[in-house]
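Since the structure comes first, as structure tokens, the remarks are kept for the end.
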Amino acid sequence: MSTDTSTDQRPGGREPGSKGLRGGAIGLMSSVVIGMASTAPAYSLAASLGLIVVLAGEKAPGIMLLAFVPMYLIAVAYRELNSAEPDCGTTFTWAGRAFGPWAGWMGGWGIIAADIIVMANLAQIAGQYTFLLFGLTELAASTLWTTVAGVVWIVVMTWICYRGIEVSARIQYGLLGIELVVLAVFAVVALVKVGTGDAPEGSMVPSISWLWPSGIGLTELVAAILIAVFLYWGWDSAVACNEESDEPGRTPGRAAVLSTLLLLVTYALVAVATVAFAGTGTEGIGLGNPENADDVFAAIGPAVFGDSWLGGALEVLLIVSVLTSSAASTQTTILPTARAALSMGAYRAIPQTFAKIHPRFLTPTWATWGMGIASVAFYVGLTLLSTNVLADSIAAVGLLIAFYYGLTGFACVWFFRKQLRGRALWTKGVLPLLGGLMLLAAFVLSCIDYADPGRGETVIFGIGGVFVIGIGALVLGAVLMGVYSRIAPAFFRGETLVPGDADLLLTRPQPPHLMLPDSEEGLVVAPDLSNLPPGQRPLDGDKG
């Protein structure tokens with residue numbers, strides 16, 4: 001049995017997977033670059049490695065390895081789900097298929113909320129390092145001027161994303177290339193100095209025992225892993241650009257897995273080199289010194305590169321790498337959020353205005369600029385409120401990451417539940433389930449920990465500020481979802497995004513192909529018409 005597709009009308013007049021984005025614009029390499037750049041390797045290490053060392057000591061490289069496990073497992077889930085339905089809504093679409101529209105909406109909200117919150121921190125870092133690059137330390141220490149510079153960075157990167165995915169990808173090649181080269185040079189120089197005995201007092205000889213986090217308390221272990229998960233977060237941007245890929249069902253999934261593997265190598269190498277060179281002491285350049293936790297590279301960079309003109313140049317490049325890292329991540333954070341909003345608009349989960357595409361640039365117009373405006377408003381608002389609240393909001397991002405990554409893992413298992421045989425049992429079942437369970441455990445334990453008023457920088461209503469911001473963001477999403485379901489109920493009734501599993505998935509974007517003049521294209525539907533979309537009529541294939 002087949003269907004006549006001439007009357008099929010999808011949300012906004014578009015087929016899912018064909019929302020007007022520029023198809024075939026990026027390949028595997030560009031997708032990997034976008035996935036890696038979105039994690040901001042240099043900035044993430046500078047801002048987080050010291051915090052991990054405070055919690056785990058010399059076992060910090062082991063924390064990097066342990067945090068990689070759930071990230072890899074969820075990357076496998078993304079790969080499998082993307083191969084079945086390459087939709088730029090990712091978690092929104094897949095959770096909606098597996099668990100229904102309400103779960104899908106919350107998955108999409110998790111992506112948007114996490115990205116808007118983290119944009120504030122990325123913009124702040126980009127603003128500070130812009131001034132540090134030119135030696136303007138007083139301006140770098142000014143909340144007003146770093147905020148102004150951060151807002152400028154958000155606007156510039158939003159404009160670049162608006163101009164097209166090819167422009168964004170080309171810029172990412174340069175920005176990511178700078179930071180990876182500088183990180184590699186930093187790690188090699190540090191390890192060579194440790195090996196030759198030229199490292200400062202307190203340095204340590206690398207040990208294989210560093211790669212297993214034994215002897216760490218459960219509370220410290222969970223907190224360190226959640227911070228490390230934040231380091232890996234962002235590789236899913238490669239999948240969010242799936243509809244602009246050369247092979248939407250294959251390239252983005254491969255890019256996601258490759259991104260996590262390359263990040264593991266980068267983080268493990270730099271972590272080992274940094275711990276070995278600086279040690280874990282609580283004084284001087286030791287990584288256990290709380291004064292070094294905010295930026296370990298600024299603390300130990302001069303000692304690693306020395307006082308020569310070459311060392312000075314490399315130290316400047318280290319500042320440049322953190323600047324380009326935060327700037328690149330600002331750009332690649334806008335990309336997936338705009339596309340998640342685009343997909344939600346196309347399925348009428350939010351106003352259809354967000355599904356509008358620029359006719360020339362073929363990018364989401366309202367979704368891209370809406371992301372930029374929301375990020376500026378959030379950044380400026382929290383800065384005016386309190387820098388401590390801004391700091392806690394960044395920690396709260398870890399809760400949102402665990403939420404929507406974990407949801408994706410569970411969605412993969414349920415979506416493919418009828419296909420869990422042979423190899424698929426592992427790639428579509430066991431591995432995504434383990435990843436989801438790990439992140440669920442991290443989410444629950446972290447909620448318990450962050451609810452303690454003694455944790456974080458702020459206390460709200462007698463509860464830890466990190467917990468209130470993270471869970472509050474999810475509650476806010478649930479409230480907005482409830483309100484919009486009354487305004488535009490079609491999506492929430494399952495009329496625009498039809499729940500189902502992999503066996504009932506009806507359409508997938510297909511490349512142009514030759515057909516005989518008297519042939520017509522149809523879609524195979526189930527005998528009981530259970531996957532027949534609204535607006536289509538069944539035709540008997542035998543009768544034409």
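Letters for chains follow the order of the structure tokens (A, B, ...), residue numbers begin at 1 for each chain, and ligand numbers begin at 1 in the order shown.
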
Selection near Ser203 (chain A), 8 Å with only C-alpha atoms, sequence-local residues under 4 positions removed, as a PyMOL selection string: chain A and resi 194+199+275-279

Skip Glu457 (chain A) itself and residues of its chain fewer than 3 positions away, then list as JSON, numbers by chain all residues within 9 Å of it, counting only C-alpha atoms. {"A": [388, 389, 391, 392, 454, 464, 465, 466]}

Could those residues be written to a file, using N, CA and C atoms, as a CSV table (one decimal), in the first residue's frame?
```
chain,number,residue,atom,x,y,z
A,388,ASN,N,28.0,36.6,41.6
A,388,ASN,CA,27.9,35.3,42.3
A,388,ASN,C,26.8,34.5,41.7
A,389,VAL,N,25.7,35.1,41.4
A,389,VAL,CA,24.6,34.3,40.7
A,389,VAL,C,25.0,33.9,39.3
A,391,ALA,N,28.1,33.1,38.5
A,391,ALA,CA,29.0,32.0,38.7
A,391,ALA,C,28.2,30.7,39.0
A,392,ASP,N,27.2,30.8,39.8
A,392,ASP,CA,26.3,29.6,40.1
A,392,ASP,C,25.5,29.1,38.9
A,454,GLY,N,25.6,25.3,51.7
A,454,GLY,CA,27.0,25.5,51.8
A,454,GLY,C,27.7,25.4,50.4
A,464,GLY,N,20.8,25.9,48.2
A,464,GLY,CA,21.9,26.2,47.3
A,464,GLY,C,21.5,26.8,46.0
A,465,GLY,N,22.2,27.9,45.6
A,465,GLY,CA,21.8,28.6,44.4
A,465,GLY,C,21.9,27.8,43.1
A,466,VAL,N,22.9,26.9,43.1
A,466,VAL,CA,23.1,26.1,41.9
A,466,VAL,C,21.9,25.2,41.6
```

Could you pull out the residues in region 277-497 of chain A that DSSP calls strand (DSSP E or B) from the backbone, as a PyMOL selection string? chain A and resi 357+364+459-460+463-464

Please extract the residues of region 211-371 of chain A with a backbone DSSP assignment of alpha helix (DSSP H) and present them as a ChimeraX atom specification. /A:218-232,237-240,251-278,296-305,309-346,365-371

Have a look at CA of Phe361 (chain A) and CA of Trp109 (chain A) and let me know their distance in Å, one decimal. 25.8 Å

Just checking: using only C-alpha atoms, which residue out of A:Phe403, A:Tyr72, A:Phe443, A:Phe461 ends up closest to Ala256 (chain A)? A:Tyr72

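Between Glu80 (chain A) and the residues A:Ala120, A:Ala190, A:Val239, A:Ala60, the shortest atom-to-atom distance, using only C-alpha atoms, involves A:Val239.
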
May I have the residues within 8 Å of Ala123 (chain A) as a PyMOL selection string, using only C-alpha atoms and disregarding those fewer than 5 positions away in the same chain? chain A and resi 147+149-151+153-154+326-327+330

Might you pull out every residue within 10 Å of Ile112 (chain A), with only C-alpha atoms counted and same-chain residues fewer than 6 positions away left off, and present them as a ChimeraX atom specification? /A:106,333-334,336-341,371,400,477

Write the residues of the preceding selection, restricted to C-alpha atoms, as an mmCIF file, in the first residue's frame.
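Everything below was put into selection.cif:
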```cif
data_model
loop_
_atom_site.group_PDB
_atom_site.id
_atom_site.type_symbol
_atom_site.label_atom_id
_atom_site.label_comp_id
_atom_site.auth_asym_id
_atom_site.auth_seq_id
_atom_site.Cartn_x
_atom_site.Cartn_y
_atom_site.Cartn_z
ATOM 1 C CA MET A 106 11.333 19.497 27.631
ATOM 2 C CA THR A 333 26.586 27.472 20.858
ATOM 3 C CA ILE A 334 24.296 29.684 18.786
ATOM 4 C CA PRO A 336 22.536 24.189 17.713
ATOM 5 C CA THR A 337 20.198 26.362 19.779
ATOM 6 C CA ALA A 338 18.916 28.183 16.715
ATOM 7 C CA ARG A 339 18.344 24.872 14.950
ATOM 8 C CA ALA A 340 16.576 23.362 17.943
ATOM 9 C CA ALA A 341 14.263 26.395 17.965
ATOM 10 C CA MET A 371 19.114 33.178 20.585
ATOM 11 C CA LEU A 400 20.757 20.689 32.336
ATOM 12 C CA GLY A 477 10.340 25.257 30.970
#
```

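Taking CA of Phe492 (chain A) as the reference point, CA of Trp105 (chain A) is found at 8.8 Å.
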
List as a ChimeraX atom specification the protein and nucleic acid residues near Ile394 (chain A), meaning an atom at most 8 Å away when only C-alpha atoms are counted, but skip any in the same chain fewer than 3 places from it. /A:117-118,121,390-391,397-398

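CA of Gln331 (chain A) is found 13.6 Å from CA of Ile373 (chain A).
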
Excluding Leu342 (chain A) and residues on its chain fewer than 3 positions from it, collect all residues at most 8 Å away from it, counting only C-alpha atoms, and give them as a ChimeraX atom specification. /A:88-89,338-339,345-346,354-356,364,367

Env of region 182-185 of chain A: 8 Å cut, atoms = only C-alpha atoms, seq-sep filter 5 positions within chain, self excluded. Answer as number ranges by chain. A: 42, 270, 314, 317-318, 321

Quick one: write out the picked residues with N, CA, C and O atoms as a short mmCIF file (atom, residue, chain, number, x, y, z; two decimals), in the first residue's frame?
```
data_model
loop_
_atom_site.label_atom_id
_atom_site.label_comp_id
_atom_site.auth_asym_id
_atom_site.auth_seq_id
_atom_site.Cartn_x
_atom_site.Cartn_y
_atom_site.Cartn_z
N ALA A 42 40.30 24.96 24.99
CA ALA A 42 41.27 25.76 25.75
C ALA A 42 40.61 26.46 26.92
O ALA A 42 41.12 26.44 28.05
N VAL A 270 46.64 17.20 28.01
CA VAL A 270 46.87 18.48 28.67
C VAL A 270 46.75 18.33 30.19
O VAL A 270 47.51 18.94 30.95
N LEU A 314 54.74 32.80 23.01
CA LEU A 314 53.88 31.65 23.26
C LEU A 314 52.87 31.93 24.37
O LEU A 314 51.74 31.44 24.33
N LEU A 317 50.15 33.73 22.80
CA LEU A 317 49.33 32.78 22.04
C LEU A 317 48.43 31.96 22.96
O LEU A 317 47.33 31.56 22.56
N LEU A 318 48.90 31.72 24.18
CA LEU A 318 48.06 31.01 25.14
C LEU A 318 46.83 31.84 25.49
O LEU A 318 45.71 31.31 25.59
N SER A 321 44.59 31.68 22.54
CA SER A 321 43.88 30.40 22.41
C SER A 321 42.63 30.37 23.29
O SER A 321 41.59 29.84 22.89
#
```

Counting only C-alpha atoms, what are the residues of region 396-507 of chain A within 12 Å of region 215-227 of chain A, and for each of them which pair of atoms is the nearest and at what distance in Å, to one decimal? Sort the table by chain and rising number, as a tab-separated table.
```
residue	atom	partner	partner_atom	distance
A:Ala396	CA	A:Leu226	CA	10.2
A:Val397	CA	A:Ile227	CA	9.7
A:Gly398	CA	A:Leu226	CA	6.2
A:Leu399	CA	A:Leu226	CA	8.2
A:Leu400	CA	A:Leu226	CA	10.9
A:Ile401	CA	A:Leu226	CA	9.3
A:Ala402	CA	A:Leu226	CA	8.3
A:Phe403	CA	A:Leu226	CA	11.8
A:Met438	CA	A:Val222	CA	10.6
A:Leu439	CA	A:Leu226	CA	9.0
A:Leu440	CA	A:Leu226	CA	11.4
A:Ala441	CA	A:Val222	CA	9.1
A:Ala442	CA	A:Val222	CA	6.4
A:Phe443	CA	A:Leu226	CA	8.5
A:Val444	CA	A:Val222	CA	10.2
A:Leu445	CA	A:Val222	CA	7.3
A:Ser446	CA	A:Ala223	CA	6.8
A:Cys447	CA	A:Ala223	CA	10.4
A:Ile448	CA	A:Thr219	CA	9.9
A:Asp449	CA	A:Thr219	CA	7.5
A:Tyr450	CA	A:Ala223	CA	9.3
A:Arg455	CA	A:Ala223	CA	10.9
A:Gly456	CA	A:Ala223	CA	11.7
```

Using the selection just defined, write its residues with N, CA and C atoms as a tab-separated table (two decimals), in the first residue's frame.
```tsv
chain	number	residue	atom	x	y	z
A	396	ALA	N	25.15	25.37	37.27
A	396	ALA	CA	23.84	24.77	37.05
A	396	ALA	C	23.69	24.18	35.66
A	397	VAL	N	24.51	24.64	34.72
A	397	VAL	CA	24.46	24.10	33.35
A	397	VAL	C	24.69	22.59	33.37
A	398	GLY	N	25.56	22.12	34.28
A	398	GLY	CA	25.84	20.69	34.36
A	398	GLY	C	24.58	19.87	34.60
A	399	LEU	N	23.64	20.39	35.39
A	399	LEU	CA	22.39	19.68	35.63
A	399	LEU	C	21.56	19.59	34.34
A	400	LEU	N	21.53	20.68	33.58
A	400	LEU	CA	20.76	20.69	32.34
A	400	LEU	C	21.38	19.76	31.29
A	401	ILE	N	22.72	19.72	31.27
A	401	ILE	CA	23.40	18.83	30.34
A	401	ILE	C	23.06	17.38	30.65
A	402	ALA	N	23.18	17.02	31.93
A	402	ALA	CA	22.87	15.65	32.33
A	402	ALA	C	21.42	15.31	32.01
A	403	PHE	N	20.52	16.29	32.14
A	403	PHE	CA	19.11	16.06	31.86
A	403	PHE	C	18.87	15.71	30.39
A	438	MET	N	23.99	6.51	33.77
A	438	MET	CA	25.11	7.23	34.40
A	438	MET	C	24.78	8.70	34.59
A	439	LEU	N	24.20	9.31	33.57
A	439	LEU	CA	23.87	10.73	33.67
A	439	LEU	C	22.69	10.96	34.61
A	440	LEU	N	21.76	10.03	34.67
A	440	LEU	CA	20.66	10.14	35.62
A	440	LEU	C	21.21	10.11	37.05
A	441	ALA	N	22.15	9.18	37.30
A	441	ALA	CA	22.76	9.10	38.63
A	441	ALA	C	23.50	10.39	38.97
A	442	ALA	N	24.25	10.91	37.99
A	442	ALA	CA	24.99	12.16	38.22
A	442	ALA	C	24.02	13.31	38.48
A	443	PHE	N	22.90	13.33	37.77
A	443	PHE	CA	21.89	14.38	37.95
A	443	PHE	C	21.31	14.34	39.36
A	444	VAL	N	20.90	13.15	39.80
A	444	VAL	CA	20.26	13.02	41.12
A	444	VAL	C	21.24	13.34	42.23
A	445	LEU	N	22.44	12.76	42.18
A	445	LEU	CA	23.42	12.99	43.23
A	445	LEU	C	23.86	14.45	43.27
A	446	SER	N	23.97	15.07	42.10
A	446	SER	CA	24.38	16.47	42.06
A	446	SER	C	23.27	17.37	42.60
A	447	CYS	N	22.03	17.03	42.32
A	447	CYS	CA	20.91	17.80	42.88
A	447	CYS	C	20.95	17.77	44.40
A	448	ILE	N	21.19	16.59	44.95
A	448	ILE	CA	21.27	16.46	46.41
A	448	ILE	C	22.43	17.30	46.96
A	449	ASP	N	23.56	17.23	46.26
A	449	ASP	CA	24.74	17.96	46.72
A	449	ASP	C	24.55	19.47	46.60
A	450	TYR	N	24.06	19.92	45.45
A	450	TYR	CA	23.93	21.36	45.21
A	450	TYR	C	22.79	22.00	46.01
A	455	ARG	N	27.00	24.89	49.42
A	455	ARG	CA	27.59	24.68	48.09
A	455	ARG	C	27.33	25.89	47.21
A	456	GLY	N	28.29	26.23	46.39
A	456	GLY	CA	28.11	27.33	45.47
A	456	GLY	C	28.35	28.68	46.11
```
